[in-house]
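A.B. asks: Enclosed is the structure file protein.cif (mmCIF, C-alpha atoms).
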data_input
loop_
_atom_site.label_atom_id
_atom_site.label_comp_id
_atom_site.auth_asym_id
_atom_site.auth_seq_id
_atom_site.Cartn_x
_atom_site.Cartn_y
_atom_site.Cartn_z
CA MET A 23 62.39 -17.08 20.33
CA GLU A 24 61.60 -16.73 16.63
CA THR A 25 59.15 -19.68 16.87
CA THR A 26 57.34 -17.95 19.75
CA CYS A 27 57.09 -14.67 17.80
CA ALA A 28 55.84 -16.53 14.73
CA GLY A 29 53.18 -18.26 16.83
CA GLU A 30 52.06 -14.99 18.37
CA GLY A 31 51.90 -13.40 14.89
CA GLU A 32 49.80 -16.26 13.54
CA GLU A 33 47.44 -16.01 16.54
CA GLU A 34 47.12 -12.26 16.04
CA ARG A 35 46.26 -12.75 12.35
CA ARG A 36 43.61 -15.30 13.27
CA SER A 37 42.17 -12.92 15.84
CA LEU A 38 42.06 -10.10 13.29
CA ALA A 39 40.42 -12.40 10.73
CA THR A 40 37.78 -13.44 13.30
CA ASN A 41 37.10 -9.82 14.25
CA SER A 42 36.89 -8.89 10.56
CA LYS A 43 34.33 -11.64 9.93
CA ALA A 44 32.31 -10.58 12.97
CA LEU A 45 32.40 -6.95 11.80
CA SER A 46 31.33 -8.01 8.31
CA VAL A 47 28.40 -10.01 9.72
CA ALA A 48 27.42 -7.06 11.92
CA ARG A 49 27.52 -4.70 8.93
CA ARG A 50 25.39 -7.06 6.84
CA GLY A 51 22.93 -7.40 9.71
CA LEU A 52 22.75 -3.64 10.15
CA GLY A 53 22.32 -3.19 6.40
CA PHE A 54 19.46 -5.70 6.39
CA VAL A 55 17.74 -3.88 9.26
CA LEU A 56 18.13 -0.52 7.52
CA ASP A 57 16.84 -1.89 4.22
CA ASN A 58 13.86 -3.53 5.93
CA TRP A 59 13.41 -1.13 8.82
CA LEU A 60 9.67 -0.71 8.15
CA VAL A 61 9.18 -4.47 8.53
CA VAL A 62 11.29 -4.44 11.70
CA GLY A 63 9.25 -1.49 12.97
CA PHE A 64 5.98 -3.37 12.48
CA GLY A 65 7.46 -6.34 14.33
CA LEU A 66 8.51 -4.08 17.19
CA ALA A 67 5.01 -2.56 17.25
CA ALA A 68 3.52 -6.04 17.64
CA VAL A 69 5.89 -6.89 20.50
CA LEU A 70 5.17 -3.63 22.33
CA GLY A 71 1.45 -4.06 21.78
CA TYR A 72 1.60 -7.56 23.25
CA PHE A 73 3.60 -6.72 26.38
CA PHE A 74 2.27 -3.17 27.01
CA PRO A 75 -1.22 -3.05 25.49
CA HIS A 76 -2.51 -0.48 28.00
CA VAL A 77 -0.11 2.18 26.70
CA ALA A 78 -1.38 2.68 23.13
CA ALA A 79 -4.87 1.14 23.27
CA ARG A 80 -8.00 3.30 23.13
CA GLY A 81 -8.30 5.11 26.46
CA GLY A 82 -4.73 4.10 27.37
CA VAL A 83 -1.77 6.14 28.53
CA ILE A 84 -1.24 8.05 25.28
CA ARG A 85 -5.00 8.26 24.48
CA SER A 86 -4.48 6.88 20.99
CA GLU A 87 -8.07 7.69 19.96
CA TYR A 88 -6.84 11.29 19.80
CA SER A 89 -3.03 11.23 19.65
CA VAL A 90 -2.85 8.56 16.94
CA LEU A 91 -6.15 8.79 15.05
CA TYR A 92 -5.85 12.56 14.71
CA GLY A 93 -2.27 13.47 15.63
CA ALA A 94 -0.15 10.76 13.97
CA ILE A 95 -2.42 10.19 10.98
CA GLY A 96 -2.84 13.93 10.49
CA LEU A 97 0.94 14.37 10.43
CA ILE A 98 1.27 11.54 7.89
CA PHE A 99 -1.02 13.31 5.44
CA LEU A 100 0.45 16.74 6.21
CA ILE A 101 3.90 15.43 5.24
CA ASN A 102 2.53 13.59 2.19
CA GLY A 103 0.84 16.77 1.02
CA ALA A 104 4.04 18.76 1.47
CA GLN A 105 6.07 16.17 -0.46
CA LEU A 106 4.04 16.61 -3.65
CA SER A 107 5.65 19.20 -5.90
CA PRO A 108 3.16 21.21 -7.98
CA GLU A 109 4.92 20.14 -11.20
CA LYS A 110 4.70 16.40 -10.43
CA LEU A 111 1.15 16.86 -9.17
CA ARG A 112 0.11 18.47 -12.45
CA GLU A 113 2.01 15.87 -14.50
CA HIS A 114 0.45 12.83 -12.88
CA ALA A 115 -2.91 14.43 -12.09
CA THR A 116 -3.55 14.62 -15.85
CA ASN A 117 -2.40 11.04 -16.46
CA TRP A 118 -5.90 9.66 -16.63
CA ARG A 119 -4.74 6.15 -17.57
CA LEU A 120 -2.77 5.94 -14.32
CA HIS A 121 -5.79 6.94 -12.23
CA VAL A 122 -8.27 4.76 -14.09
CA VAL A 123 -6.06 1.68 -13.76
CA VAL A 124 -5.04 2.19 -10.11
CA GLN A 125 -8.41 3.34 -8.77
CA GLY A 126 -10.35 0.94 -10.98
CA ILE A 127 -8.40 -1.97 -9.53
CA ASN A 128 -8.17 -0.65 -5.97
CA LEU A 129 -11.73 0.62 -5.46
CA VAL A 130 -13.74 -1.48 -7.93
CA LEU A 131 -12.08 -4.77 -8.85
CA VAL A 132 -10.59 -5.56 -5.42
CA PRO A 133 -13.88 -5.02 -3.51
CA VAL A 134 -15.71 -7.25 -6.02
CA ILE A 135 -13.09 -10.01 -5.66
CA GLN A 136 -13.26 -9.64 -1.87
CA LEU A 137 -17.05 -9.95 -1.89
CA VAL A 138 -16.88 -13.07 -4.08
CA LEU A 139 -14.37 -14.62 -1.67
CA VAL A 140 -16.55 -13.77 1.34
CA ARG A 141 -19.56 -15.32 -0.40
CA ILE A 142 -17.59 -18.49 -1.12
CA ILE A 143 -16.58 -18.72 2.56
CA ILE A 144 -20.19 -18.30 3.67
CA ALA A 145 -21.45 -20.86 1.15
CA ALA A 146 -18.76 -23.33 2.24
CA GLY A 147 -20.02 -23.12 5.84
CA GLY A 148 -17.11 -21.16 7.23
CA ILE A 149 -19.36 -19.14 9.55
CA SER A 150 -21.94 -21.81 10.40
CA SER A 151 -19.20 -24.23 11.44
CA GLY A 152 -17.54 -21.62 13.66
CA THR A 153 -14.26 -21.85 11.74
CA ILE A 154 -14.34 -18.22 10.58
CA ASP A 155 -15.61 -15.45 12.83
CA PRO A 156 -18.01 -13.01 11.10
CA SER A 157 -15.96 -10.01 12.27
CA ILE A 158 -13.02 -11.32 10.22
CA LEU A 159 -15.16 -11.30 7.09
CA VAL A 160 -16.42 -7.80 7.91
CA GLY A 161 -12.81 -6.70 8.29
CA MET A 162 -11.98 -8.27 4.93
CA VAL A 163 -14.76 -6.25 3.33
CA VAL A 164 -13.32 -3.11 4.94
CA VAL A 165 -9.88 -4.02 3.56
CA GLY A 166 -11.30 -4.38 0.08
CA CYS A 167 -13.06 -1.00 0.18
CA ILE A 168 -10.39 1.29 1.65
CA PRO A 169 -8.00 3.21 -0.64
CA THR A 170 -4.34 2.65 -1.37
CA THR A 171 -1.56 3.86 0.89
CA ILE A 172 1.14 6.44 0.11
CA ALA A 173 4.13 6.11 2.43
CA SER A 174 4.96 2.42 1.94
CA ASN A 175 4.09 2.64 -1.79
CA VAL A 176 6.66 5.39 -2.24
CA VAL A 177 9.29 3.44 -0.28
CA MET A 178 8.73 0.21 -2.24
CA THR A 179 8.51 1.94 -5.63
CA ARG A 180 11.74 3.85 -4.93
CA ASN A 181 13.54 0.71 -3.75
CA ALA A 182 12.46 -1.16 -6.89
CA GLY A 183 13.58 1.67 -9.20
CA GLY A 184 10.07 2.67 -10.31
CA ASP A 185 8.40 6.05 -10.73
CA GLU A 186 8.00 7.12 -7.11
CA ALA A 187 6.36 10.41 -8.12
CA ALA A 188 3.43 8.41 -9.50
CA ALA A 189 3.14 6.59 -6.17
CA LYS A 190 2.82 9.95 -4.40
CA VAL A 191 -0.32 10.97 -6.26
CA VAL A 192 -2.95 10.97 -3.52
CA ILE A 193 -6.14 11.14 -5.59
CA GLY A 194 -6.91 7.59 -4.51
CA ASN A 195 -6.80 8.53 -0.84
CA VAL A 196 -8.98 11.58 -1.39
CA VAL A 197 -11.54 9.73 -3.51
CA GLY A 198 -11.41 6.67 -1.31
CA SER A 199 -12.00 8.71 1.83
CA PHE A 200 -15.41 9.68 0.43
CA LEU A 201 -16.26 6.42 -1.34
CA SER A 202 -15.11 3.87 1.25
CA PRO A 203 -18.04 4.24 3.69
CA PHE A 204 -20.54 3.79 0.84
CA LEU A 205 -18.59 0.84 -0.58
CA ILE A 206 -18.37 -0.88 2.81
CA TYR A 207 -22.07 -0.58 3.50
CA GLY A 208 -22.93 -1.70 -0.02
CA PHE A 209 -20.62 -4.74 -0.01
CA LEU A 210 -21.42 -6.02 3.50
CA PRO A 211 -23.30 -9.34 3.21
CA GLY A 212 -26.95 -9.22 4.20
CA ASP A 213 -26.89 -12.54 6.07
CA ALA A 214 -28.30 -12.73 9.60
CA ALA A 215 -24.85 -13.60 10.97
CA PHE A 216 -23.74 -10.03 10.24
CA ASP A 217 -26.73 -8.23 11.80
CA ALA A 218 -24.88 -7.51 15.05
CA LEU A 219 -21.90 -6.13 13.12
CA ARG A 220 -23.65 -3.60 10.91
CA PRO A 221 -22.29 -0.04 11.24
CA ALA A 222 -25.71 1.59 11.03
CA THR A 223 -29.27 1.05 9.92
CA PRO A 224 -30.52 2.94 6.85
CA SER A 225 -32.34 5.44 9.11
CA THR A 226 -29.12 6.39 10.88
CA LEU A 227 -26.91 6.19 7.79
CA GLY A 228 -26.79 9.96 7.28
CA PRO A 229 -25.44 10.85 10.74
CA MET A 230 -22.97 7.95 10.50
CA TYR A 231 -21.57 9.28 7.22
CA VAL A 232 -21.35 12.76 8.70
CA SER A 233 -19.34 11.35 11.63
CA VAL A 234 -17.05 9.32 9.37
CA LEU A 235 -16.39 12.13 6.90
CA MET A 236 -15.85 14.61 9.73
CA GLN A 237 -13.22 12.35 11.29
CA LEU A 238 -11.57 11.64 7.92
CA GLY A 239 -11.72 15.33 7.07
CA LEU A 240 -9.90 16.31 10.25
CA SER A 241 -7.33 13.50 10.14
CA VAL A 242 -6.82 13.08 6.37
CA LEU A 243 -8.21 15.72 4.02
CA LEU A 244 -7.49 18.89 6.00
CA PRO A 245 -3.84 17.97 6.78
CA LEU A 246 -3.37 16.90 3.15
CA ALA A 247 -4.65 20.24 1.88
CA ALA A 248 -2.54 22.09 4.46
CA GLY A 249 0.61 20.24 3.36
CA GLN A 250 -0.02 21.04 -0.29
CA GLY A 251 -0.71 24.67 0.68
CA LEU A 252 2.68 24.84 2.41
CA ARG A 253 4.35 23.43 -0.70
CA TRP A 254 2.69 26.07 -2.90
CA ALA A 255 3.38 28.94 -0.46
CA PHE A 256 7.01 27.97 0.25
CA PRO A 257 8.23 26.03 -2.81
CA GLU A 258 11.92 26.19 -1.83
CA ARG A 259 11.83 26.05 1.97
CA THR A 260 9.39 23.13 2.20
CA PRO A 261 11.63 20.60 0.35
CA TRP A 262 14.59 21.81 2.43
CA VAL A 263 12.69 21.16 5.67
CA LEU A 264 11.59 17.73 4.42
CA ARG A 265 15.17 16.76 3.55
CA THR A 266 16.87 18.32 6.56
CA PHE A 267 14.60 16.77 9.18
CA TYR A 268 14.07 13.45 7.33
CA LEU A 269 10.31 13.91 7.48
CA ALA A 270 9.71 11.20 4.86
CA LYS A 271 11.35 8.70 7.23
CA PHE A 272 9.42 10.20 10.13
CA CYS A 273 6.22 9.62 8.17
CA SER A 274 6.98 5.90 8.09
CA VAL A 275 7.74 5.98 11.84
CA LEU A 276 4.25 7.37 12.32
CA LEU A 277 2.90 4.39 10.35
CA VAL A 278 4.61 2.13 12.89
CA LEU A 279 2.92 4.16 15.64
CA VAL A 280 -0.47 3.53 14.01
CA ALA A 281 0.32 -0.19 13.85
CA TRP A 282 1.39 -0.13 17.52
CA SER A 283 -1.92 1.45 18.52
CA THR A 284 -3.92 -1.12 16.56
CA PHE A 285 -1.92 -4.08 17.91
CA SER A 286 -2.35 -2.68 21.42
CA GLY A 287 -6.11 -2.40 20.96
CA ALA A 288 -6.29 -5.95 19.63
CA PHE A 289 -4.34 -7.37 22.59
CA GLU A 290 -5.97 -5.09 25.20
CA THR A 291 -9.51 -6.12 24.23
CA GLY A 292 -8.49 -9.70 23.55
CA ALA A 293 -9.64 -9.43 19.94
CA ILE A 294 -6.79 -11.60 18.65
CA THR A 295 -6.86 -14.12 21.50
CA ARG A 296 -10.68 -14.39 21.59
CA LEU A 297 -11.01 -14.84 17.86
CA PRO A 298 -10.84 -18.47 16.73
CA LYS A 299 -7.26 -19.36 15.87
CA SER A 300 -8.51 -20.76 12.59
CA SER A 301 -9.89 -17.30 11.71
CA VAL A 302 -6.60 -15.54 12.34
CA VAL A 303 -4.51 -18.19 10.56
CA PHE A 304 -6.89 -18.14 7.59
CA ASN A 305 -6.70 -14.35 7.41
CA VAL A 306 -2.90 -14.35 7.54
CA PHE A 307 -2.54 -16.75 4.61
CA ILE A 308 -5.40 -15.37 2.52
CA ASN A 309 -3.86 -11.89 2.79
CA VAL A 310 -0.62 -13.05 1.20
CA ALA A 311 -2.48 -14.87 -1.58
CA GLU A 312 -4.74 -11.88 -2.26
CA TYR A 313 -1.87 -9.40 -2.36
CA LEU A 314 -0.01 -11.52 -4.89
CA VAL A 315 -3.15 -11.97 -7.01
CA PHE A 316 -3.95 -8.24 -6.90
CA THR A 317 -0.36 -7.42 -7.89
CA ALA A 318 -0.51 -9.86 -10.80
CA ILE A 319 -3.78 -8.26 -11.97
CA CYS A 320 -2.17 -4.81 -11.80
CA TYR A 321 0.79 -6.04 -13.82
CA LEU A 322 -1.34 -7.66 -16.53
CA ILE A 323 -3.59 -4.61 -16.89
CA ALA A 324 -0.76 -2.07 -16.92
CA TYR A 325 1.60 -4.19 -19.04
CA PRO A 326 -0.51 -6.68 -21.02
CA PRO A 327 1.17 -9.19 -23.38
CA ARG A 328 1.70 -7.91 -26.91
CA PRO A 329 -0.69 -10.46 -28.48
CA VAL A 330 -3.43 -9.23 -26.13
CA VAL A 331 -2.72 -5.59 -27.02
CA ALA A 332 -2.80 -6.42 -30.74
CA ALA A 333 -6.03 -8.44 -30.44
CA LEU A 334 -7.82 -5.75 -28.43
CA ASN A 335 -6.82 -2.99 -30.82
CA ARG A 336 -7.72 -5.12 -33.84
CA HIS A 337 -11.25 -5.70 -32.53
CA VAL A 338 -11.84 -2.26 -30.94
CA ALA A 339 -9.70 0.77 -31.80
CA GLU A 340 -8.62 -0.40 -35.26
CA SER A 341 -11.92 -2.10 -36.09
CA ARG A 342 -13.94 -0.72 -38.99
CA THR A 343 -17.19 -1.40 -37.16
CA VAL A 344 -16.14 0.22 -33.84
CA GLY A 345 -12.96 2.24 -34.00
CA ALA A 346 -13.65 3.87 -37.36
CA ARG A 347 -16.89 5.33 -36.02
CA LEU A 348 -15.36 6.82 -32.88
CA PRO A 349 -14.08 10.42 -32.62
CA GLY A 350 -10.29 10.77 -32.55
CA PRO A 351 -9.92 11.46 -28.79
CA LEU A 352 -12.25 8.60 -27.86
CA ARG A 353 -10.50 6.24 -30.26
CA ARG A 354 -7.14 7.07 -28.67
CA ALA A 355 -8.70 6.56 -25.24
CA VAL A 356 -9.85 3.01 -26.01
CA THR A 357 -6.57 2.05 -27.68
CA ALA A 358 -4.83 -0.63 -25.61
CA ARG A 359 -1.27 0.36 -24.70
CA ARG A 360 1.50 -0.67 -22.39
CA MET A 361 2.61 1.74 -19.70
CA PRO A 362 6.31 2.53 -19.20
CA ARG A 363 7.96 -0.05 -16.98
CA GLU A 364 8.78 2.45 -14.23
CA LEU A 365 5.12 3.42 -14.12
CA VAL A 366 4.04 -0.23 -14.11
CA VAL A 367 6.02 -0.76 -10.91
CA ALA A 368 4.17 2.12 -9.24
CA VAL A 369 0.82 0.74 -10.46
CA CYS A 370 1.58 -2.71 -9.04
CA PHE A 371 2.44 -1.37 -5.60
CA CYS A 372 -0.40 1.19 -5.52
CA GLY A 373 -3.16 -0.96 -6.98
CA ALA A 374 -2.71 -3.88 -4.58
CA ALA A 375 -1.97 -1.90 -1.42
CA LYS A 376 -4.34 -0.65 1.28
CA THR A 377 -3.84 1.97 3.98
CA THR A 378 -4.15 1.81 7.75
CA SER A 379 -4.16 5.60 7.80
CA VAL A 380 -7.71 5.57 6.42
CA GLY A 381 -8.79 2.02 7.30
CA ILE A 382 -8.21 2.19 11.05
CA PRO A 383 -9.99 5.53 11.71
CA LEU A 384 -12.72 4.59 9.24
CA ALA A 385 -13.50 1.36 11.09
CA ALA A 386 -13.38 3.21 14.42
CA ALA A 387 -15.83 5.81 13.16
CA MET A 388 -18.27 3.49 11.37
CA TRP A 389 -18.50 1.11 14.34
CA SER A 390 -18.15 3.77 17.05
CA ARG A 391 -21.42 2.57 18.65
CA GLN A 392 -19.95 -0.89 19.18
CA ASP A 393 -17.65 -1.82 22.07
CA ASN A 394 -13.87 -1.81 21.76
CA LEU A 395 -13.76 -5.60 21.30
CA VAL A 396 -15.91 -5.46 18.15
CA ILE A 397 -13.97 -2.47 16.77
CA SER A 398 -10.62 -4.18 17.37
CA SER A 399 -11.86 -7.46 15.86
CA ILE A 400 -12.89 -5.65 12.66
CA GLN A 401 -9.59 -3.78 12.58
CA VAL A 402 -7.51 -6.99 12.85
CA PRO A 403 -7.83 -7.91 9.12
CA VAL A 404 -7.05 -4.30 8.17
CA LEU A 405 -3.90 -4.33 10.28
CA LEU A 406 -2.78 -7.80 9.17
CA TYR A 407 -3.22 -7.04 5.47
CA THR A 408 -1.34 -3.73 5.63
CA VAL A 409 1.49 -5.27 7.64
CA GLU A 410 1.76 -8.34 5.40
CA GLN A 411 1.72 -6.24 2.23
CA VAL A 412 4.93 -4.58 3.43
CA PHE A 413 6.56 -7.98 4.02
CA VAL A 414 5.56 -9.33 0.60
CA ALA A 415 6.42 -6.06 -1.17
CA GLN A 416 9.98 -6.29 0.15
CA PHE A 417 10.44 -9.48 -1.89
CA LEU A 418 8.64 -8.05 -4.92
CA THR A 419 11.13 -5.16 -5.08
CA VAL A 420 13.80 -7.73 -5.95
CA PHE A 421 11.70 -9.05 -8.85
CA PHE A 422 10.89 -5.56 -10.17
CA LYS A 423 14.56 -4.52 -9.99
CA TRP A 424 15.42 -7.50 -12.17
CA TRP A 425 12.48 -6.76 -14.51
CA LEU A 426 13.51 -3.11 -14.95
CA ARG A 427 17.12 -4.11 -15.54
CA ARG A 428 16.00 -6.64 -18.14
CA GLY A 429 13.90 -3.95 -19.80
CA GLY A 430 16.93 -1.68 -20.00
CA GLU A 431 18.95 -4.44 -21.63
CA GLU A 432 16.18 -5.08 -24.17
CA GLN A 433 15.97 -1.38 -24.92
CA GLN A 434 19.65 -1.45 -25.94
CA ALA A 435 19.02 -4.40 -28.29
CA PRO A 436 18.79 -3.85 -32.09
CA PRO A 437 15.51 -2.13 -33.02
CA ASP A 438 14.37 -4.99 -35.26
CA MET A 439 14.26 -7.37 -32.32
CA GLU A 440 10.79 -8.19 -30.99
CA SER A 441 11.80 -7.45 -27.42
CA SER A 442 12.60 -3.77 -27.99
CA GLY A 443 9.64 -2.67 -25.83
CA THR A 444 9.06 0.66 -27.59
CA ASP A 445 5.29 0.19 -27.47
CA ASP A 446 5.22 1.42 -23.89
CA VAL A 447 3.29 4.65 -23.65
CA GLY A 448 2.41 7.30 -21.14
CA GLY A 449 -0.93 8.80 -20.26
CA ASN A 450 -1.03 11.01 -23.36
CA GLY A 451 -0.61 8.08 -25.72
CA ARG A 452 2.88 8.93 -27.01
CA SER A 453 5.63 6.36 -27.10
CA ILE A 454 8.02 6.65 -24.19
CA PRO A 455 11.28 4.72 -24.33
CA GLU A 456 12.04 2.72 -21.24
CA LYS A 457 14.85 3.85 -19.01
CA SER A 458 17.27 1.42 -17.55
CA SER A 459 17.21 1.26 -13.78
#
Please render this file's structure as structure tokens.

C.D. replies:
Amino acid sequence: METTCAGEGEEERRSLATNSKALSVARRGLGFVLDNWLVVGFGLAAVLGYFFPHVAARGGVIRSEYSVLYGAIGLIFLINGAQLSPEKLREHATNWRLHVVVQGINLVLVPVIQLVLVRIIIAAGGISSGTIDPSILVGMVVVGCIPTTIASNVVMTRNAGGDEAAAKVVIGNVVGSFLSPFLIYGFLPGDAAFDALRPATPSTLGPMYVSVLMQLGLSVLLPLAAGQGLRWAFPERTPWVLRTFYLAKFCSVLLVLVAWSTFSGAFETGAITRLPKSSVVFNVFINVAEYLVFTAICYLIAYPPRPVVAALNRHVAESRTVGARLPGPLRRAVTARRMPRELVVAVCFCGAAKTTSVGIPLAAAMWSRQDNLVISSIQVPVLLYTVEQVFVAQFLTVFFKWWLRRGGEEQQAPPDMESSGTDDVGGNGRSIPEKSS
């Protein structure tokens, strides 16, 4: 009898241990999904777009050319505008170093690098051999010329322990909304292979810009201004509404909706299936490489090595032939400095990122005279880059967490140690001690 009871007890313990392990695995799985829910959401959008393309494609069940391009994207920028507190807006709006670095990389350096890459592909015979479709290269130019995103930048910067308020500054989206059409037309190659893919001829350029800016004004700028107006008019109630109804999370859900619409259009028109497989595979891998390169450039510009800082200052700001002749404000402006580590994290995510919220409607407006197949083909690189940047950024948050933690440990080291890191400065040029994450 006692042996039987002992056996039953042992079996019950084993059953409890098995259930405990299963529950632990389930919790870890759920935690992974919650931590990477934006990635999972993009994956779900791709699956839905593949099996039910007629629902969210242009002219489909939900009429995404209106409900998504104006409704969802408008809500994204309305919420982003409402999230910006006037104090943080003033603080970071005057941080000229932040804007020069982020916008200089995002809207100047990245388009130039993208154009060089496109030229290399053309010179190597990528188009003439049929390996790379011209619409993919046009889409890559669009990717290079559109501004940074907000929602995913804030999520990644927060997860990495960086300055998420800096990632919420939307000057790049506002400036980029006006500059992007001009940049795209200026950077498009003039080769004959791209003649059928040009958004407009010089004679029709004016009306095209009016159409683009009108669409961006209704879907981006007006909602953004309305959200900021709500924050100014109701400074206490607006944050409460944002927190209570989880509107920041809802904003990211709307990003998934935009991705769903774009995937649906690509599968509905056959843009992905009709494009050469080599073009799509090339675009997938080049996006990852470019994002990593752009992030590395952001890091090196925002947090250059100390020998580089010393050499630049020795030959410019502290030079008797250059720096001594400059007025005080201009001399401080050209002085090379390191940004605080928390701000560097925001710069890395913002400088390398691009936004579907502007890129997708911009491509739809600039190529509105083309058929849906051409529009979707040009939008494919935009969608792939913005989806892949979220995947890669998830891994980069781990690196930046470690980097910030290491910076906090160095900050606690004796002050005579070389690794103290007290040369980090903010936008006004004053030393700012690093905070541990």

A.B. asks: I need the residue nearest Thr357 in chain A from this list: A:Thr284, A:Ser274, A:Asn335, A:Ser42. Use only C-alpha atoms for the distance.

C.D. replies: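 Result for the nearest residue to Thr357 in chain A: A:Asn335.
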
A.B. asks: Pull out every residue that the PyMOL selection byres ((chain A and resi 91) around 12) matches in the shown coordinates and put them as a VMD selection string.

C.D. replies: chain A and resid 78 to 80 84 to 90 92 to 99 237 to 242 276 to 277 279 to 284 378 to 387

A.B. asks: Counting all atoms listed in the file, figure out which residue out of A:Thr419, A:Ser151, A:Ser107, A:Gln401 gets nearest to Gly251 in chain A.

C.D. replies: A:Ser107

A.B. asks: Need the shell around range 255-265 of chain A: protein/DNA/RNA residues with any atom at most 10 Å away, counting only C-alpha atoms. Skip same-chain ones fewer than 6 positions apart. Format as a list of chain:residue names?

C.D. replies: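 Answer for this query is A:Ile101, A:Ala104, A:Gln105, A:Leu106, A:Ser107, A:Pro108, A:Gly249, A:Lys271, A:Phe272.
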
A.B. asks: Return the single residue from A:Leu100, A:Leu426, A:Leu139, A:Val402 that is closest to Phe289 in chain A, with distances computed using only C-alpha atoms.

C.D. replies: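 Smallest distance to Phe289 in chain A is found for A:Val402.
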
A.B. asks: I need the residue nearest Pro169 in chain A from this list: A:Ala67, A:Val369, A:Leu52, A:Ala374. Use all atoms listed in the file for the distance.

C.D. replies: A:Ala374

A.B. asks: Step by step, gather every atom of range 98-108 of chain A that the file lists, find the box along x, y and z that holds them, add 8 Å on each side, and finally give centre and edge lengths in Å to one decimal, as lines of an AutoDock Vina configuration file.

C.D. replies:
center_x = 2.5
center_y = 16.4
center_z = 0.0
size_x = 23.1
size_y = 25.7
size_z = 31.9

A.B. asks: For the PyMOL selection byres ((chain A and resi 201) around 12), applied here, can you spell out every residue it catches as a ChimeraX atom specification?

C.D. replies: /A:125,128-130,133,164,166-169,193-200,202-208,231,234-235,238,380,384

A.B. asks: What does the distance between CA of Arg50 in chain A and CA of Gly429 in chain A come to in Å, to one decimal place?

C.D. replies: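 About the pair CA of Arg50 in chain A and CA of Gly429 in chain A: they are 29.2 Å apart.
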
A.B. asks: For range 178-191 of chain A, work out the shell of residues within 6 Å, counting all atoms listed in the file and skipping chain neighbours fewer than 5 positions away, then give it as a ChimeraX atom specification.

C.D. replies: /A:172,364-365,367-368,419,422-423,459

A.B. asks: Just give me the gap between CA of Val278 in chain A and CA of Gly126 in chain A in Å, one decimal is fine.

C.D. replies: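 Distance between the two atoms: 28.2 Å.
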